[in-house]
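Content type mmCIF, C-alpha atoms and all ligand atoms, from the file query-v3.cif:
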data_query
loop_
_atom_site.label_atom_id
_atom_site.label_comp_id
_atom_site.auth_asym_id
_atom_site.auth_seq_id
_atom_site.Cartn_x
_atom_site.Cartn_y
_atom_site.Cartn_z
CA MET A 1 -27.68 36.38 28.18
CA VAL A 2 -28.90 33.52 26.11
CA ILE A 3 -32.02 35.26 25.03
CA LYS A 4 -29.97 38.36 24.33
CA VAL A 5 -27.72 36.55 21.89
CA LEU A 6 -30.58 34.85 20.17
CA SER A 7 -32.80 37.86 20.14
CA LYS A 8 -30.42 39.49 17.70
CA PHE A 9 -31.76 37.09 15.11
CA ARG A 10 -35.43 37.33 15.90
CA SER A 11 -37.72 38.77 13.36
CA PRO A 12 -39.01 42.16 14.54
CA ALA A 13 -42.58 40.92 14.44
CA GLU A 14 -41.90 38.15 16.93
CA PRO A 15 -40.08 39.56 19.93
CA LEU A 16 -38.04 37.00 21.90
CA SER A 17 -39.68 34.07 20.14
CA THR A 18 -36.44 32.51 18.82
CA GLY A 19 -35.15 31.46 22.22
CA LEU A 20 -38.58 30.19 23.20
CA ILE A 21 -38.86 28.17 20.03
CA ALA A 22 -35.38 26.69 20.48
CA ASN A 23 -36.24 25.80 24.07
CA ALA A 24 -39.41 24.05 22.99
CA LEU A 25 -37.74 21.95 20.29
CA PRO A 26 -37.40 18.27 21.16
CA MET A 27 -34.04 17.96 19.37
CA PRO A 28 -30.81 19.31 20.88
CA VAL A 29 -29.90 22.78 19.55
CA LEU A 30 -26.61 24.57 20.31
CA LEU A 31 -25.28 27.97 19.28
CA ILE A 32 -21.51 27.97 18.88
CA GLY A 33 -19.23 31.01 18.64
CA ALA A 34 -16.20 31.55 16.41
CA LYS A 35 -13.87 29.86 18.91
CA GLN A 36 -16.24 26.90 19.35
CA GLU A 37 -17.46 28.40 22.63
CA ILE A 38 -20.99 27.44 23.56
CA LEU A 39 -23.34 30.43 23.53
CA PHE A 40 -26.69 28.74 23.87
CA VAL A 41 -28.12 25.31 24.57
CA ASN A 42 -31.74 24.27 24.73
CA PRO A 43 -33.01 21.78 27.37
CA ALA A 44 -32.79 18.87 24.89
CA ALA A 45 -29.06 19.64 24.43
CA GLU A 46 -28.57 19.69 28.22
CA GLN A 47 -30.16 16.27 28.35
CA PHE A 48 -28.12 15.01 25.39
CA PHE A 49 -24.81 15.96 27.02
CA ASP A 50 -26.14 15.11 30.48
CA THR A 51 -24.89 18.49 31.71
CA GLY A 52 -26.73 21.63 32.83
CA ALA A 53 -26.70 24.86 30.80
CA GLY A 54 -24.77 26.63 33.60
CA ILE A 55 -21.76 24.41 32.99
CA LEU A 56 -22.15 24.03 29.22
CA LEU A 57 -22.17 27.80 28.67
CA LYS A 58 -18.73 28.03 30.29
CA GLN A 59 -17.32 25.39 27.98
CA SER A 60 -16.33 25.07 24.36
CA LEU A 61 -17.26 22.21 22.08
CA GLY A 62 -13.67 20.97 22.41
CA ASP A 63 -14.29 20.35 26.15
CA LEU A 64 -17.29 18.18 25.33
CA LEU A 65 -16.05 16.09 22.42
CA PRO A 66 -12.70 14.52 21.55
CA PHE A 67 -10.59 16.62 19.17
CA ASP A 68 -10.93 14.00 16.40
CA SER A 69 -14.73 14.00 16.59
CA PRO A 70 -16.26 13.99 13.08
CA LEU A 71 -18.37 16.96 14.18
CA PHE A 72 -15.35 19.29 13.90
CA GLN A 73 -14.85 18.34 10.26
CA LEU A 74 -18.48 19.11 9.61
CA ILE A 75 -18.15 22.50 11.32
CA ALA A 76 -15.02 23.31 9.29
CA GLN A 77 -16.89 22.34 6.14
CA ALA A 78 -19.86 24.59 6.96
CA ARG A 79 -17.53 27.52 7.77
CA GLU A 80 -15.56 27.05 4.58
CA ARG A 81 -18.63 26.86 2.38
CA GLY A 82 -20.62 29.47 4.27
CA SER A 83 -23.66 27.22 4.06
CA SER A 84 -25.28 24.36 5.94
CA ALA A 85 -23.53 21.02 6.19
CA ALA A 86 -25.29 17.87 7.32
CA GLU A 87 -24.23 14.35 8.03
CA ARG A 88 -26.08 11.24 9.11
CA ASP A 89 -25.05 8.82 11.84
CA VAL A 90 -22.32 10.95 13.40
CA ASP A 91 -20.73 9.26 16.40
CA LEU A 92 -20.90 11.73 19.30
CA SER A 93 -20.05 9.18 21.99
CA THR A 94 -17.70 10.07 24.81
CA PRO A 95 -16.82 8.18 27.96
CA ARG A 96 -18.43 11.01 29.97
CA HIS A 97 -21.85 11.24 28.37
CA GLY A 98 -22.17 7.77 26.88
CA GLU A 99 -23.01 6.47 23.46
CA HIS A 100 -24.81 8.75 21.05
CA ILE A 101 -25.26 8.48 17.32
CA ALA A 102 -27.03 11.44 15.74
CA ASP A 103 -27.81 13.11 12.44
CA VAL A 104 -26.17 16.54 12.64
CA THR A 105 -26.84 19.81 10.80
CA VAL A 106 -24.45 22.75 11.09
CA THR A 107 -25.70 26.14 9.87
CA PRO A 108 -23.53 29.28 9.85
CA LEU A 109 -25.24 32.48 11.02
CA PRO A 110 -24.63 35.91 9.49
CA GLU A 111 -23.72 37.31 12.93
CA PRO A 112 -22.05 37.27 15.34
CA GLU A 113 -19.07 36.56 13.11
CA GLY A 114 -18.30 32.84 12.97
CA ALA A 115 -21.41 31.71 14.89
CA LEU A 116 -23.07 28.44 14.01
CA VAL A 117 -26.24 26.64 14.97
CA LEU A 118 -25.93 22.92 15.55
CA THR A 119 -28.99 20.71 15.55
CA LEU A 120 -28.74 17.08 16.48
CA GLN A 121 -31.29 14.42 15.75
CA GLU A 122 -30.50 11.39 17.80
CA ARG A 123 -31.47 8.16 16.15
CA SER A 124 -34.20 6.72 18.29
CA LEU A 125 -34.21 3.14 19.36
CA ALA A 126 -37.37 2.53 17.33
CA GLN A 127 -35.76 3.88 14.14
CA ARG A 128 -32.76 1.66 14.66
CA MET A 129 -35.01 -1.34 15.27
CA ASP A 130 -36.88 -0.91 11.98
CA ARG A 131 -34.05 -2.50 10.11
CA GLN A 132 -34.17 -5.55 12.26
CA LEU A 133 -37.90 -5.98 11.87
CA LEU A 134 -37.41 -6.03 8.11
CA ALA A 135 -34.70 -8.65 8.54
CA ARG A 136 -37.10 -10.80 10.55
CA GLY A 137 -39.44 -10.82 7.56
CA ALA A 138 -36.61 -12.06 5.38
CA VAL A 139 -35.79 -14.79 7.87
CA ARG A 140 -39.40 -15.89 7.93
CA SER A 141 -39.50 -16.22 4.17
CA MET A 142 -36.45 -18.45 4.46
CA HIS A 143 -38.36 -21.08 6.42
CA GLY A 144 -40.04 -22.50 3.35
CA MET A 145 -36.92 -22.24 1.26
CA ALA A 146 -34.85 -24.13 3.83
CA ALA A 147 -37.40 -26.94 3.92
CA VAL A 148 -37.39 -27.27 0.11
CA LEU A 149 -33.59 -27.19 -0.03
CA ALA A 150 -33.28 -29.78 2.70
CA HIS A 151 -35.56 -32.10 0.79
CA GLU A 152 -34.28 -31.46 -2.72
CA ILE A 153 -30.57 -31.18 -2.04
CA LYS A 154 -29.63 -33.14 1.05
CA ASN A 155 -30.71 -36.54 -0.27
CA PRO A 156 -29.04 -36.35 -3.68
CA LEU A 157 -26.03 -34.81 -1.99
CA ALA A 158 -25.66 -37.85 0.25
CA GLY A 159 -25.71 -39.93 -2.94
CA ILE A 160 -22.99 -37.84 -4.58
CA ARG A 161 -20.84 -38.04 -1.46
CA GLY A 162 -21.27 -41.82 -1.23
CA ALA A 163 -20.42 -42.28 -4.91
CA ALA A 164 -17.25 -40.20 -4.50
CA GLN A 165 -16.19 -42.38 -1.59
CA LEU A 166 -16.77 -45.53 -3.63
CA LEU A 167 -14.76 -44.09 -6.51
CA GLU A 168 -11.98 -43.21 -4.14
CA GLU A 169 -11.45 -46.82 -3.19
CA ALA A 170 -10.67 -47.65 -6.82
CA LEU A 171 -8.12 -44.84 -7.18
CA ALA A 172 -4.43 -44.75 -6.38
CA PRO A 173 -3.65 -42.62 -3.27
CA ASP A 174 -2.15 -39.75 -5.32
CA GLU A 175 -5.31 -39.56 -7.47
CA ARG A 176 -7.69 -39.15 -4.56
CA GLU A 177 -7.48 -35.38 -4.26
CA MET A 178 -10.53 -34.76 -6.49
CA THR A 179 -12.79 -37.26 -4.76
CA GLN A 180 -11.76 -35.80 -1.40
CA LEU A 181 -12.67 -32.39 -2.72
CA ILE A 182 -16.13 -33.67 -3.68
CA VAL A 183 -16.62 -35.12 -0.18
CA ALA A 184 -15.39 -31.96 1.56
CA GLU A 185 -17.58 -29.66 -0.56
CA SER A 186 -20.62 -31.94 -0.10
CA ASP A 187 -20.07 -31.68 3.66
CA ARG A 188 -19.84 -27.91 3.43
CA ILE A 189 -23.13 -27.67 1.50
CA ARG A 190 -24.77 -30.01 3.97
CA GLY A 191 -23.53 -27.86 6.86
CA LEU A 192 -24.94 -24.77 5.17
CA ILE A 193 -28.35 -26.38 4.72
CA ASP A 194 -28.32 -27.58 8.34
CA ARG A 195 -27.74 -23.99 9.44
CA MET A 196 -30.56 -22.78 7.22
CA GLU A 197 -32.88 -25.37 8.69
CA ALA A 198 -32.35 -23.79 12.09
CA PHE A 199 -34.42 -20.87 10.79
CA GLY A 200 -37.36 -23.12 10.06
CA ASP A 201 -37.55 -24.25 13.64
CA SER A 202 -40.36 -22.15 15.02
CA ARG A 203 -41.35 -24.48 17.85
CA ALA A 204 -41.61 -23.02 21.32
CA PHE A 205 -38.58 -24.00 23.37
CA PRO A 206 -38.32 -24.46 27.12
CA ARG A 207 -37.09 -21.31 28.85
CA HIS A 208 -35.23 -21.08 32.09
CA PRO A 209 -33.70 -18.22 34.01
CA VAL A 210 -30.22 -17.80 32.54
CA ASN A 211 -27.31 -15.88 34.03
CA ILE A 212 -26.09 -13.88 31.07
CA HIS A 213 -22.68 -13.33 32.68
CA GLU A 214 -22.12 -17.06 32.78
CA VAL A 215 -23.08 -17.20 29.08
CA LEU A 216 -20.64 -14.40 28.22
CA ASP A 217 -17.82 -15.96 30.26
CA ARG A 218 -18.32 -19.16 28.36
CA VAL A 219 -18.29 -17.35 25.02
CA ARG A 220 -15.12 -15.49 25.99
CA LYS A 221 -13.36 -18.73 26.93
CA VAL A 222 -14.36 -20.49 23.72
CA ALA A 223 -13.29 -17.47 21.68
CA GLU A 224 -9.95 -17.08 23.45
CA THR A 225 -9.03 -20.68 22.84
CA SER A 226 -10.05 -20.72 19.19
CA PHE A 227 -10.78 -17.97 16.69
CA ALA A 228 -9.85 -15.02 18.94
CA ARG A 229 -6.52 -16.27 20.21
CA GLY A 230 -4.30 -13.35 21.22
CA VAL A 231 -7.18 -10.83 21.14
CA THR A 232 -7.90 -8.81 24.29
CA ILE A 233 -11.47 -9.51 25.40
CA THR A 234 -12.54 -7.21 28.23
CA GLU A 235 -15.66 -7.69 30.34
CA THR A 236 -17.46 -4.76 31.97
CA PHE A 237 -20.37 -6.34 33.77
CA ASP A 238 -23.11 -4.90 35.96
CA PRO A 239 -23.03 -7.38 38.86
CA SER A 240 -26.62 -6.67 39.87
CA LEU A 241 -28.01 -7.71 36.47
CA PRO A 242 -31.12 -9.90 36.83
CA GLN A 243 -31.46 -13.15 34.93
CA VAL A 244 -32.93 -13.48 31.46
CA LEU A 245 -35.59 -16.05 30.63
CA GLY A 246 -34.40 -18.16 27.76
CA ASP A 247 -32.35 -21.00 26.37
CA ARG A 248 -28.73 -20.97 27.50
CA ASP A 249 -27.33 -22.76 24.45
CA GLN A 250 -29.10 -20.49 22.01
CA LEU A 251 -27.89 -17.42 23.88
CA ILE A 252 -24.33 -18.76 23.76
CA GLN A 253 -24.78 -19.12 19.99
CA VAL A 254 -25.89 -15.47 19.72
CA PHE A 255 -22.88 -14.03 21.52
CA LEU A 256 -20.47 -16.48 19.93
CA ASN A 257 -21.61 -15.30 16.48
CA LEU A 258 -21.23 -11.65 17.50
CA VAL A 259 -17.79 -12.16 19.05
CA ARG A 260 -16.65 -14.18 16.04
CA ASN A 261 -17.68 -11.36 13.68
CA ALA A 262 -15.90 -8.86 15.93
CA ALA A 263 -12.75 -11.00 15.90
CA ASP A 264 -12.93 -11.30 12.09
CA ALA A 265 -13.04 -7.50 11.74
CA LEU A 266 -10.10 -6.73 14.05
CA PRO A 267 -6.76 -5.41 12.88
CA ASP A 268 -3.76 -7.73 13.21
CA ASN A 269 -2.42 -5.73 16.13
CA GLY A 270 -4.18 -3.85 18.92
CA GLY A 271 -7.54 -5.55 18.37
CA GLU A 272 -9.91 -5.36 21.31
CA ILE A 273 -13.36 -6.74 22.03
CA ILE A 274 -15.37 -5.35 24.93
CA LEU A 275 -18.37 -7.17 26.39
CA THR A 276 -20.62 -5.07 28.61
CA THR A 277 -23.87 -5.63 30.44
CA GLY A 278 -26.17 -3.09 32.01
CA TYR A 279 -29.65 -2.66 33.42
CA ARG A 280 -31.76 -0.05 31.61
CA PRO A 281 -35.26 -0.23 33.06
CA GLY A 282 -36.46 2.68 30.91
CA VAL A 283 -36.05 0.91 27.57
CA ARG A 284 -39.42 -0.04 26.15
CA PHE A 285 -40.12 -1.30 22.71
CA GLY A 286 -43.25 -2.56 21.02
CA ALA A 287 -41.92 -5.89 19.85
CA PRO A 288 -44.36 -7.47 17.42
CA VAL A 289 -43.61 -10.98 18.74
CA ALA A 290 -45.54 -10.20 21.86
CA GLY A 291 -48.06 -7.88 20.22
CA GLU A 292 -47.57 -5.44 23.09
CA ARG A 293 -44.99 -3.04 24.42
CA LEU A 294 -42.28 -4.95 26.17
CA SER A 295 -39.83 -3.75 28.68
CA LEU A 296 -36.34 -4.78 27.58
CA PRO A 297 -34.14 -3.70 30.47
CA LEU A 298 -31.21 -6.09 30.02
CA GLU A 299 -28.59 -4.69 27.71
CA VAL A 300 -25.60 -6.66 26.46
CA THR A 301 -23.16 -5.05 24.05
CA VAL A 302 -20.34 -6.51 21.99
CA ARG A 303 -17.96 -3.78 20.87
CA ASP A 304 -14.85 -3.98 18.72
CA ASN A 305 -12.30 -1.55 17.35
CA GLY A 306 -12.13 -3.22 13.95
CA SER A 307 -12.81 -2.20 10.39
CA GLY A 308 -16.49 -1.36 10.90
CA VAL A 309 -19.45 -2.44 8.77
CA PRO A 310 -19.43 -0.73 5.34
CA ALA A 311 -22.09 2.02 5.50
CA ASP A 312 -23.99 0.72 2.45
CA LEU A 313 -24.20 -2.74 4.03
CA LEU A 314 -25.34 -1.63 7.47
CA PRO A 315 -29.10 -1.67 6.74
CA TYR A 316 -28.88 -5.25 5.48
CA ILE A 317 -26.47 -7.08 7.79
CA PHE A 318 -29.23 -8.96 9.61
CA ASP A 319 -30.58 -10.29 6.28
CA PRO A 320 -29.62 -13.84 5.41
CA PHE A 321 -26.78 -14.38 2.90
CA VAL A 322 -25.33 -10.89 3.31
CA THR A 323 -21.59 -11.32 3.67
CA THR A 324 -18.31 -9.66 2.73
CA LYS A 325 -16.21 -12.69 3.62
CA VAL A 326 -14.79 -15.11 1.09
CA ARG A 327 -15.88 -18.12 3.09
CA GLY A 328 -18.76 -16.50 4.94
CA SER A 329 -22.34 -17.71 4.55
CA GLY A 330 -23.98 -14.52 5.81
CA LEU A 331 -26.17 -16.53 8.15
CA GLY A 332 -24.48 -15.60 11.45
CA LEU A 333 -26.33 -12.34 12.10
CA ALA A 334 -29.60 -13.61 10.61
CA LEU A 335 -29.50 -16.37 13.21
CA VAL A 336 -28.64 -13.85 15.93
CA ALA A 337 -31.71 -11.79 14.94
CA LYS A 338 -33.91 -14.89 14.91
CA ILE A 339 -32.81 -16.16 18.31
CA VAL A 340 -32.96 -12.75 19.97
CA GLY A 341 -36.42 -12.26 18.42
CA ASP A 342 -37.57 -15.66 19.70
CA HIS A 343 -36.50 -14.49 23.16
CA GLY A 344 -38.70 -11.39 22.79
CA GLY A 345 -35.64 -9.14 22.49
CA VAL A 346 -34.09 -6.95 19.84
CA VAL A 347 -30.60 -6.50 18.42
CA GLU A 348 -29.16 -3.50 16.64
CA CYS A 349 -25.84 -2.31 15.32
CA ASP A 350 -24.00 1.00 15.20
CA SER A 351 -20.77 1.07 13.29
CA VAL A 352 -18.08 3.48 12.20
CA LEU A 353 -14.44 2.77 11.40
CA GLY A 354 -12.76 1.62 14.59
CA ARG A 355 -15.95 1.33 16.62
CA THR A 356 -18.66 -1.25 16.01
CA ILE A 357 -21.29 -1.98 18.63
CA PHE A 358 -23.88 -4.72 18.57
CA ARG A 359 -26.48 -4.08 21.27
CA VAL A 360 -28.79 -6.88 22.40
CA LEU A 361 -31.79 -5.92 24.56
CA LEU A 362 -33.56 -8.71 26.39
CA PRO A 363 -36.54 -8.99 28.72
CA GLN A 364 -35.95 -9.80 32.36
CA ALA A 365 -37.07 -13.12 33.89
CA ARG A 366 -39.95 -12.31 36.25
CA SER A 367 -39.08 -12.71 39.92
CA GLU A 368 -41.18 -15.87 40.38
CA GLU A 369 -39.28 -17.46 37.47
CA SER A 370 -35.79 -16.62 38.66
N1 LIG B 1 -18.19 -6.59 14.08
C1 LIG B 1 -18.22 -6.40 12.77
N2 LIG B 1 -17.36 -5.53 12.16
C2 LIG B 1 -17.39 -5.32 10.83
N3 LIG B 1 -18.26 -5.94 9.99
C3 LIG B 1 -19.14 -6.82 10.52
C4 LIG B 1 -19.18 -7.09 11.93
N4 LIG B 1 -20.17 -7.98 12.14
C5 LIG B 1 -20.71 -8.25 10.94
N5 LIG B 1 -20.10 -7.57 9.96
C6 LIG B 1 -20.44 -7.57 8.52
O1 LIG B 1 -21.71 -8.20 8.38
C7 LIG B 1 -21.61 -9.29 7.47
C8 LIG B 1 -22.63 -10.35 7.86
O2 LIG B 1 -22.26 -11.00 9.07
P1 LIG B 1 -22.78 -12.49 9.33
O3 LIG B 1 -22.27 -12.93 10.65
O4 LIG B 1 -24.25 -12.53 9.12
O5 LIG B 1 -22.12 -13.33 8.18
P2 LIG B 1 -20.59 -13.72 7.98
O6 LIG B 1 -19.83 -13.48 9.24
O7 LIG B 1 -20.09 -13.04 6.75
O8 LIG B 1 -20.69 -15.28 7.69
P3 LIG B 1 -21.04 -16.44 8.75
O9 LIG B 1 -21.30 -15.78 10.08
O10 LIG B 1 -22.26 -17.07 8.22
O11 LIG B 1 -19.85 -17.30 8.76
C9 LIG B 1 -20.17 -9.74 7.54
O12 LIG B 1 -19.76 -10.39 6.36
C10 LIG B 1 -19.43 -8.40 7.72
O13 LIG B 1 -19.25 -7.75 6.50
MG MG B 2 -20.52 -14.17 11.08
#
Give the structure from the file, written as structure tokens.
Ligand SMILES: Nc1ncnc2c1ncn2[C@@H]1O[C@H](COP(=O)(O)OP(=O)(O)OP(=O)(O)O)[C@@H](O)[C@H]1O
Ligand SMILES: [Mg+2]
Amino acid sequence: MVIKVLSKFRSPAEPLSTGLIANALPMPVLLIGAKQEILFVNPAAEQFFDTGAGILLKQSLGDLLPFDSPLFQLIAQARERGSSAAERDVDLSTPRHGEHIADVTVTPLPEPEGALVLTLQERSLAQRMDRQLLARGAVRSMHGMAAVLAHEIKNPLAGIRGAAQLLEEALAPDEREMTQLIVAESDRIRGLIDRMEAFGDSRAFPRHPVNIHEVLDRVRKVAETSFARGVTITETFDPSLPQVLGDRDQLIQVFLNLVRNAADALPDNGGEIILTTGYRPGVRFGAPVAGERLSLPLEVTVRDNGSGVPADLLPYIFDPFVTTKVRGSGLGLALVAKIVGDHGGVVECDSVLGRTIFRVLLPQARSEES
């Protein structure tokens, strides 16, 4: 049946080749009828939706994806215009077939009436990681800058702060506001430089097997009693998760920064943060820190239903000093990327309005170490 439908569009010189070509393509391809019914899927599409062709061909797109999926807007657009419509980074995640972000092209066919071809190009892990590797370069170039700043600013700053305190003693209590402002701002600059200096620290640190669930519990408790008071923080943990080899305090810092950003982005009401862990033994990535392909089977995600990262900012959020917050320094995610990198792992972000996911992949502690 499938070949029959597709063979209508084959060129006469190439009998039956269209279906064969579609089947050989590595990207998911679907043929959709006028009522969104699925007329054809190639093996890559079966894999993408984690469902066999036998079942998919009895369904419509509406059975696969939620009714508010951005894909339906794209389809409507293509139908209206009578020409191809494409969009990058479309969220095709569903609870049933998991998280998927893909570039989608929708092309109307001349017949049968209302038929469309959908091609999906899932963003590979490696493509998503590229951004982070660039950010690591930026962090590295900060090392020298932090050292210079520490030397050139911290000492005179201590002098300015001390002088303000001396002045304050000579002033009447109601005149002390300005000197207190000088002291407070000096402390803020010093704090900023201290945080920048953390990037310069490239010494090897002792690593121990760390239970990541204990780290996340700790982060949740700290968050719930401070910046995320009143926010629902849900944990979905894989209890069989092996330990990670690393530094517990630094890992707490990573997830604290991610949860703090999530909390900052939440709406006033109905905000939710979800922490998940999972074991994905198939995930391999050639991390340059190790100079070889590493297996990164431990996955920790921090998800929120907040405002999302502005699309134009997304490629740069792991760069230092990138911030949209009035009092933000833009160092939180740069530090996350540095620490995760020092642990031989990677971090990436997918974000649309109402759904932002930071995914941290870490190597497993070997059995003799745990
Ligand atoms: N969960 C999120 N939802 C929406 N936007 C986010 C999220 N996480 C990060 N961002 C965006 O990325 C920017 C950079 O984050 P980063 O943590 O590096 O700095 P910051 O939070 O602005 O400042 P700092 O962490 O130094 O106090 C943020 O300003 C924000 O615009
Ligand atoms: Mg932050």
List all protein, DNA and RNA residues that have any atom at most 8 Å from ligand LIG 1 (chain B), counting only C-alpha atoms and all ligand atoms, and write the list as a compact mmCIF listing (two decimals) with C-alpha atoms, keeping the file's coordinate frame.
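Generated file (result_32.txt):
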# COMPACT_ATOMS: atom_id res chain seq x y z
CA ASN A 257 -21.61 -15.30 16.48
CA LEU A 258 -21.23 -11.65 17.50
CA VAL A 259 -17.79 -12.16 19.05
CA ARG A 260 -16.65 -14.18 16.04
CA ASN A 261 -17.68 -11.36 13.68
CA ALA A 262 -15.90 -8.86 15.93
CA ALA A 263 -12.75 -11.00 15.90
CA ASP A 264 -12.93 -11.30 12.09
CA ALA A 265 -13.04 -7.50 11.74
CA LEU A 266 -10.10 -6.73 14.05
CA ARG A 303 -17.96 -3.78 20.87
CA ASP A 304 -14.85 -3.98 18.72
CA GLY A 306 -12.13 -3.22 13.95
CA SER A 307 -12.81 -2.20 10.39
CA GLY A 308 -16.49 -1.36 10.90
CA VAL A 309 -19.45 -2.44 8.77
CA PRO A 310 -19.43 -0.73 5.34
CA LEU A 313 -24.20 -2.74 4.03
CA LEU A 314 -25.34 -1.63 7.47
CA ILE A 317 -26.47 -7.08 7.79
CA PHE A 318 -29.23 -8.96 9.61
CA ASP A 319 -30.58 -10.29 6.28
CA PRO A 320 -29.62 -13.84 5.41
CA PHE A 321 -26.78 -14.38 2.90
CA VAL A 322 -25.33 -10.89 3.31
CA THR A 323 -21.59 -11.32 3.67
CA THR A 324 -18.31 -9.66 2.73
CA LYS A 325 -16.21 -12.69 3.62
CA ARG A 327 -15.88 -18.12 3.09
CA GLY A 328 -18.76 -16.50 4.94
CA SER A 329 -22.34 -17.71 4.55
CA GLY A 330 -23.98 -14.52 5.81
CA LEU A 331 -26.17 -16.53 8.15
CA GLY A 332 -24.48 -15.60 11.45
CA LEU A 333 -26.33 -12.34 12.10
CA ALA A 334 -29.60 -13.61 10.61
CA LEU A 335 -29.50 -16.37 13.21
CA SER A 351 -20.77 1.07 13.29
CA THR A 356 -18.66 -1.25 16.01
CA ILE A 357 -21.29 -1.98 18.63
CA PHE A 358 -23.88 -4.72 18.57
Non-local contacts of Arg96 (chain A) (10 Å; all atoms listed in the file; under 3 positions in same chain excluded) as a PyMOL selection string: chain A and resi 49-50+64-65+93+99
Who sits within 7 Å of Pro297 (chain A), only C-alpha atoms, same chain under 2 positions skipped, as a list in words: Tyr279, Arg280, Pro281, Gly282, Val283, Ser295, Glu299, Leu361, Leu362, Pro363 and Gln364 of chain A
Option closest in space to ligand MG 2 (chain B), from A:Thr276, A:Thr105, A:Gln253, A:Thr236 [counting all atoms listed in the file]: A:Gln253
Surrounding residues of Leu216 (chain A) excluding itself and chain neighbours under 5 positions, 9 Å, all atoms listed in the file, as a ChimeraX atom specification: /A:211,221,235,251-252,255-256,275
Contact residues around region 268-270 of chain A with only C-alpha atoms at 9 Å, ignoring same-chain residues under 5 positions, as a PyMOL selection string: chain A and resi 231-232+305
Nearest candidate to ligand MG 2 (chain B) (options A:Phe227, A:Thr94, A:Asp217, A:Gly19; using all atoms listed in the file):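 Nearest candidate to ligand MG 2 (chain B) out of A:Phe227, A:Thr94, A:Asp217, A:Gly19: A:Phe227.
Here CA of Val244 (chain A) stands at a distance of 24.9 Å from CA of Arg195 (chain A).
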Residue nearest Leu149 (chain A) among A:Ile193, A:Ala311, A:Ala53, A:Ile32 (counting only C-alpha atoms):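 For Leu149 (chain A), the nearest of the candidates is A:Ile193.
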Shortest interatomic distance to ligand MG 2 (chain B) - which of A:Glu111, A:Val254, A:Ala24, A:Asp350, counting only C-alpha atoms and all ligand atoms: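 Of all the options, A:Val254 lies closest to ligand MG 2 (chain B).
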Contacts of Leu92 (chain A) at 8 Å (only C-alpha atoms; same-chain gap of 5+ positions) as a PyMOL selection string: chain A and resi 65+69+71+99-102
